[in-house]
Amino acid sequence: LARVTALGRELAGAVAAWRPAAEAHAVAERMAGLTSGRSPANRHAMSLSAYVLAARLERVVAAANERLGRMSGGRYVLRHTVDKAAGDRSKSGGGLGLRVMDAWTGSDRDPATLSGGESFITSLSLALGLADVVTAEAGGTEVNTLFVDEGFGTLDDETLDEVMAVLDALRDGGRAVGVVSHVAELRTRIPAQLRVAKNRTGSTVHVTV
């Protein structure tokens, strides 16, 4: 009885010493679950890093839609979604999804369903939107040079006209825009060119103004 009584006092002391650490651990564990997106209390299963990026993505999408609407003839608008993409099993959760609103059908679409030309103008709009957001967040420091690599061959004549009009507007605003393409029609649209000619002994570059 004396031994059990002594062990009881030891146990009570150990529990009293352990309880503050246990309470602190419970708080830390709850916060870790929330910030990692694994806690049931996190309704969107979104990690803190994804939440921060999602806020940026919303701004990029808003800026991108200004140009996507023009290049698509008013048909497409991007929408940010917190839902995880189909087949996405990443542990980081959702928060960085995109859907494409189609004004012709009144429905939203998975970006994967866009054609090659539609994907190109959507990607270009996002790139330009990102440049706008970076400029705004950098205190007005502009991204003065943009290179667009390929994709023009997937565009029909009308869409190509809209895309070139957007790029020309960027050039008029003081930005340098470079286009990397093999599309022959662009040779008549872009006066200043660097032409690369390849042969058995290597490649040469010719400047055309």
# chains A, B, ... in the order shown; residues from 1 in each chain; ligands from 1
call {"tool": "select_by_dssp", "arguments": {"residues": "segment 128-169 of chain A", "states": "strand (DSSP E)", "output": "list in words"}}
result
Thr145, Leu146, Phe147, Val148 and Asp149 of chain A
call {"tool": "write_last_selection", "arguments": {"atoms": "N, CA and C atoms", "output": "mmCIF file, in the first residue's frame"}}
result
data_model
loop_
_atom_site.group_PDB
_atom_site.id
_atom_site.type_symbol
_atom_site.label_atom_id
_atom_site.label_comp_id
_atom_site.auth_asym_id
_atom_site.auth_seq_id
_atom_site.Cartn_x
_atom_site.Cartn_y
_atom_site.Cartn_z
ATOM 1 N N THR A 145 10.537 42.998 -71.359
ATOM 2 C CA THR A 145 10.815 42.117 -72.491
ATOM 3 C C THR A 145 10.016 40.841 -72.356
ATOM 4 N N LEU A 146 9.385 40.443 -73.442
ATOM 5 C CA LEU A 146 8.575 39.225 -73.457
ATOM 6 C C LEU A 146 8.903 38.431 -74.713
ATOM 7 N N PHE A 147 9.190 37.137 -74.556
ATOM 8 C CA PHE A 147 9.408 36.245 -75.689
ATOM 9 C C PHE A 147 8.285 35.212 -75.732
ATOM 10 N N VAL A 148 7.680 35.059 -76.883
ATOM 11 C CA VAL A 148 6.614 34.086 -77.090
ATOM 12 C C VAL A 148 7.150 33.018 -78.033
ATOM 13 N N ASP A 149 7.228 31.783 -77.546
ATOM 14 C CA ASP A 149 7.855 30.712 -78.308
ATOM 15 C C ASP A 149 6.790 29.796 -78.896
#
call {"tool": "select_by_dssp", "arguments": {"residues": "chain A", "states": "alpha helix (DSSP H)", "output": "ChimeraX atom specification"}}
result
/A:2-36,48-71,116-137,157-172,186-189
call {"tool": "closest_residue", "arguments": {"among": "A:Leu130, A:Met71, A:Val100, A:Leu194", "to": "Val163 of chain A", "atoms": "only C-alpha atoms"}}
result
A:Met71
call {"tool": "closest_residue", "arguments": {"among": "A:Val180, A:Leu170, A:Leu34, A:Ala12", "to": "Gly153 of chain A", "atoms": "only C-alpha atoms"}}
result
A:Val180
call {"tool": "closest_residue", "arguments": {"among": "A:Asp168, A:Val82, A:Leu98, A:Ala32", "to": "Ala45 of chain A", "atoms": "only C-alpha atoms"}}
result
A:Val82
call {"tool": "closest_residue", "arguments": {"among": "A:Val166, A:Val77, A:Leu96, A:Val205", "to": "Ala54 of chain A", "atoms": "only C-alpha atoms"}}
result
A:Leu96
call {"tool": "residues_around", "arguments": {"residues": "Pro111 of chain A", "least_positions_apart": "6", "cutoff": "12 Å", "atoms": "only C-alpha atoms", "output": "list of chain:residue names"}}
result
A:Tyr76, A:Val77, A:Leu78, A:Arg79, A:His80, A:Ala85, A:Ala86, A:Gly97, A:Leu98, A:Arg99, A:Val100, A:Met101, A:Asp102, A:Glu118, A:Ser119, A:Phe120, A:Ile121, A:Thr122, A:Ser123
call {"tool": "closest_residue", "arguments": {"among": "A:Ala138, A:Val133, A:Met164, A:Leu126", "to": "Arg59 of chain A", "atoms": "only C-alpha atoms"}}
result
A:Val133
call {"tool": "residues_around", "arguments": {"residues": "Leu128 of chain A", "least_positions_apart": "6", "cutoff": "10 Å", "atoms": "only C-alpha atoms", "output": "ChimeraX atom specification"}}
result
/A:60,63-68,122,134,143,146,166-167,170
call {"tool": "atom_distance", "arguments": {"atom1": "atom CA of Ser72 of chain A", "atom2": "atom CA of Thr105 of chain A"}}
result
14.1 Å
